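Worksheet: the structure to be examined is printed underneath.
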Amino acid sequence: MLTIQNLKSKIAQSPYQAYVYSYPHKTAYRPLTPPVYLPELWAQQDRQALFLYIHIPFCEMRCGFCNLFTTVSHNEDFMSQYVRTLQRQAQRMKAVLGDASFARFAIGGGTPTQLPIQHLETILNIAENTMGAKLQEIPISVEVSPETATEDKLKLLRSHAVDRVSIGVQSFIDSEVLATQRRQSTTQVEATLTRIKEMGFPTLNIDLIYGLPGQTVNTWLQSIQATLRFQPEEIYLYPLYVRSLTGLGRTDQEWDDIRLACYREGRSLLLSEGYTQVSMRMFQRLEEGQGGQGSNISPLSPPSPLSPLSPSSPSPVYCCQADGMIGLGCGARSYTNTLHYSNEYAVGAKGISEILQAYIQTADESFDYAHYGFQLNAEEQRRRYILLSLLSDEGLNCASYRQQFGSEVYADFPEFSELLALNLAIKDKDILQLTEFGIERSDTIGAWLFSEKVQELMQDYELK
């Protein structure tokens, strides 16, 4: 139940209690009994503007803050097995979808560029030749790392019309990077960013993290200033969350919480440099003639789907969590309006290894079914719509909600009026938007919007 009392108490705490980047959260997924037959599921969906996401679960190192489904225990033979399995899955999914088309495509991970170049090219060919995505005509995003974004791989990506490269830098201060158990040097990062810019990718996204061990507000601002030298079109500012089974989560580190001060100073700096704040984490630099605040960008980041085109934008903007997503690969999730599904999830090396082995051994016919996921009833669909809208700069359009669900948002969720009472949101005509104070509490508000069922499933989930 959403109540003023628990929202008040949540707001009084640190803004960084829970990292909200999807709904329902992956820890709310459970085995589906019986499994869901995908041809019947997707036959009920609009399949003419889908999002294709391919997951590559390999990295050169495991960062101390990382809780993604990825492994550093691999060799070329294992990667070959993985790519062959992904090809088998893609063939089955193409048959499932029938007459479908893709409006956007992304490769995430892990680190896709960790793959040898021949396997990376195979992944691009799977998207184009097996799934039928027209790569020369749609927006494409690929995640890279400073160590793996080599010239030959970047050339390959550019030749296949990749127009957005996203790179996790996290910090330009070597000591801060080392404290996260990450091996990279500022010199290496700068050389990689220079190489990406010289390749002419239309959109460069750089990720930074605040609240790192040993970081100060001043060193945080130094990292942002270093980032600005490369004039990225997008910058994500992520607060550090220390989570179970991660490298930092296993330490006895005491966390000096400077995150809110870093957020406010970083936000102020980026706004002064001409960036637009799209969500708590995302900042975008728009060229003259591009759309501004109304660019319909979903706020919730890594690693997937996106929002519709706005009238003023030439192409969709990479963001996250839209319905109509086809996920291929062991760690990918797929989204319809009634079911979100994936393989099981793990963070620990043993759990990840077991899930990867099971994926590689999957029989072709098994790819026709969803075995693990979350079924969204009418209430969960409403909550998801609200969360994705409210946490972005576009806000919650009550008229659009009414059109989508045939009911009034304040009738469905009367507690919403308390967002106004707590100065977390303002209402302008039919639009409910977060205030500056509300935006910096986005993770708190997002978690407050989770249903009791989702919260209970998350609390009962045993992380592997």
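Every chain in the structure tokens has a letter given in the order shown (A, B, ...), and although residue numbers restart at 1 in each chain, ligands are simply numbered from 1 in the order shown.
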Identify, on the basis of only C-alpha atoms, every residue whose closest approach to Val454 in chain A does not exceed 8 Å; exclude the query and any residue fewer than 3 positions from it along the same chain; express the result as a list in words.
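Returned residues: Pro24, His25, Ala28, Phe450, Ser451, Leu457 and Met458 of chain A.
The strand (DSSP E or B) portion of range 78-176 of chain A consists of Phe102, Ala103, Arg104, Phe105, Ala106, Ile107, Gly108, Gly109, Ile140, Ser141, Val142, Glu143, Val144, Arg164, Val165, Ser166, Ile167, Gly168, Val169 and Gln170 of chain A, with states taken from DSSP on the backbone.
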Check range 113-182 of chain A with DSSP on the backbone and list each residue it calls helix (DSSP H, G or I), as a CSV table (one decimal) with C-alpha atoms, in the first residue's frame.
```csv
chain,number,residue,atom,x,y,z
A,113,THR,CA,33.8,-6.0,-27.6
A,114,GLN,CA,35.4,-8.6,-25.4
A,117,ILE,CA,36.4,-9.7,-33.9
A,118,GLN,CA,35.1,-12.7,-35.9
A,119,HIS,CA,32.6,-13.4,-33.2
A,120,LEU,CA,31.5,-9.8,-32.9
A,121,GLU,CA,30.9,-9.8,-36.7
A,122,THR,CA,28.8,-13.0,-36.3
A,123,ILE,CA,26.6,-11.2,-33.7
A,124,LEU,CA,26.0,-8.4,-36.1
A,125,ASN,CA,25.2,-10.9,-38.8
A,126,ILE,CA,22.8,-12.7,-36.5
A,127,ALA,CA,20.9,-9.5,-36.0
A,128,GLU,CA,20.8,-8.7,-39.7
A,129,ASN,CA,20.7,-12.0,-41.6
A,130,THR,CA,18.9,-14.2,-39.0
A,151,GLU,CA,40.5,0.3,-33.8
A,152,ASP,CA,39.6,-2.8,-35.8
A,153,LYS,CA,36.5,-3.5,-33.7
A,154,LEU,CA,35.3,0.1,-33.8
A,155,LYS,CA,35.8,0.0,-37.6
A,156,LEU,CA,33.7,-3.1,-37.8
A,157,LEU,CA,30.9,-1.5,-35.7
A,158,ARG,CA,30.9,1.7,-37.8
A,159,SER,CA,30.8,-0.3,-41.0
A,174,ASP,CA,43.5,6.4,-11.4
A,175,SER,CA,43.4,5.8,-7.6
A,176,GLU,CA,39.6,5.8,-7.6
A,177,VAL,CA,39.5,3.3,-10.4
A,178,LEU,CA,42.0,1.0,-8.7
A,179,ALA,CA,39.9,1.1,-5.5
```
Go through A:Pro15, A:Gly98, A:Gly109, A:Pro116 and flag the residue nearest Gly327 in chain A, using only C-alpha atoms for the distances.
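Selected residue with least distance to Gly327 in chain A: A:Gly109.
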What does the distance from CA of Gly395 in chain A to CA of Lys427 in chain A come to in Å, to one decimal?
9.5 Å
How close does range 171-202 of chain A get to range 213-231 of chain A? List, as a tab-separated table, each residue of range 171-202 of chain A within 8 Å, its nearest atom pair and the distance in Å to one decimal, counting only C-alpha atoms.
```
residue	atom	partner	partner_atom	distance
A:Ser171	CA	A:Ser223	CA	5.7
A:Phe172	CA	A:Ser223	CA	5.0
A:Ile173	CA	A:Ser223	CA	6.9
A:Ser175	CA	A:Gly214	CA	7.8
A:Glu176	CA	A:Gly214	CA	6.2
A:Ala179	CA	A:Pro213	CA	6.1
A:Thr180	CA	A:Pro213	CA	7.4
A:Leu193	CA	A:Phe230	CA	7.1
A:Thr194	CA	A:Phe230	CA	7.5
A:Lys197	CA	A:Phe230	CA	7.6
```
Compare A:Gln455, A:Ser400, A:Ser342, A:Ser279 by their minimum atom-to-atom distance to Thr435 in chain A, counting only C-alpha atoms, and give me the closest one.
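Distance minimum relative to Thr435 in chain A lands on A:Ser279.
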List the spatial neighbours of Asn75 in chain A as a list in words - criterion: any atom at most 12 Å away, only C-alpha atoms, same-chain residues fewer than 2 positions off excluded.
Phe58, Cys59, Glu60, Thr71, Val72, Ser73, Asp77, Phe78, Met79, Ser80, Gln81, Tyr82, Gln114, Leu115 and Pro116 of chain A
Let me see the file: selected residues, C-alpha atoms, as a JSON list (two decimals), in the first residue's frame.
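To be explicit, this is the file written out as out_22.json:
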```json
[["chain", "number", "residue", "atom", "x", "y", "z"],
["A", 58, "PHE", "CA", 31.95, -11.64, -21.06],
["A", 59, "CYS", "CA", 34.27, -9.06, -19.50],
["A", 60, "GLU", "CA", 38.03, -8.70, -19.15],
["A", 71, "THR", "CA", 31.89, -13.62, -16.32],
["A", 72, "VAL", "CA", 35.65, -13.28, -16.63],
["A", 73, "SER", "CA", 36.08, -17.09, -16.72],
["A", 77, "ASP", "CA", 36.32, -21.98, -27.28],
["A", 78, "PHE", "CA", 33.68, -21.16, -24.68],
["A", 79, "MET", "CA", 32.84, -17.90, -26.45],
["A", 80, "SER", "CA", 32.45, -19.84, -29.70],
["A", 81, "GLN", "CA", 30.01, -22.22, -27.99],
["A", 82, "TYR", "CA", 28.07, -19.26, -26.65],
["A", 114, "GLN", "CA", 35.43, -8.59, -25.38],
["A", 115, "LEU", "CA", 34.50, -10.99, -28.16],
["A", 116, "PRO", "CA", 37.15, -11.73, -30.80]]
```
Just want the 6 Å neighbourhood of range 131-136 of chain A, counted on only C-alpha atoms, with same-chain residues fewer than 5 positions away dropped. Output as an mmCIF file with N, CA, C and O atoms, in the first residue's frame.
```cif
data_model
loop_
_atom_site.group_PDB
_atom_site.id
_atom_site.type_symbol
_atom_site.label_atom_id
_atom_site.label_comp_id
_atom_site.auth_asym_id
_atom_site.auth_seq_id
_atom_site.Cartn_x
_atom_site.Cartn_y
_atom_site.Cartn_z
ATOM 1 N N LYS A 94 13.206 -16.163 -34.582
ATOM 2 C CA LYS A 94 12.730 -15.637 -35.865
ATOM 3 C C LYS A 94 11.486 -16.392 -36.305
ATOM 4 O O LYS A 94 10.515 -15.795 -36.799
ATOM 5 N N PHE A 102 12.188 -4.590 -36.877
ATOM 6 C CA PHE A 102 12.879 -4.004 -35.728
ATOM 7 C C PHE A 102 13.134 -2.525 -35.962
ATOM 8 O O PHE A 102 13.590 -2.121 -37.036
ATOM 9 N N ALA A 161 26.937 0.313 -39.350
ATOM 10 C CA ALA A 161 26.006 1.422 -39.067
ATOM 11 C C ALA A 161 25.712 1.631 -37.589
ATOM 12 O O ALA A 161 24.714 2.265 -37.238
#
```
Applying 10 Å and only C-alpha atoms, which residues near range 29-32 of chain A remain after dropping the ones on its own chain fewer than 6 positions away? List them as a list in words.
His340, Tyr341, Ser342, Asn343, Glu344, Tyr345, Tyr369, Ala370, His371, Tyr372, Gly373, Phe374, Gln375, Val454, Leu457, Met458 and Tyr461 of chain A
Near-Ile209 in chain A list (7 Å; only C-alpha atoms; drop same-chain fewer than 5 positions) as a PDB file with C-alpha atoms, in the first residue's frame:
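Okay, result35.pdb is ready:
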```
ATOM      1  CA  GLN A 170      33.488   5.607 -14.082  1.00  0.00           C
ATOM      2  CA  SER A 171      36.377   7.920 -13.097  1.00  0.00           C
ATOM      3  CA  LEU A 237      25.970   9.952 -13.631  1.00  0.00           C
ATOM      4  CA  TYR A 238      25.486   6.846 -11.517  1.00  0.00           C
ATOM      5  CA  PRO A 239      25.512   6.773  -7.723  1.00  0.00           C
ATOM      6  CA  LEU A 240      27.587   3.931  -6.302  1.00  0.00           C
TER       7      LEU A 240
END
```
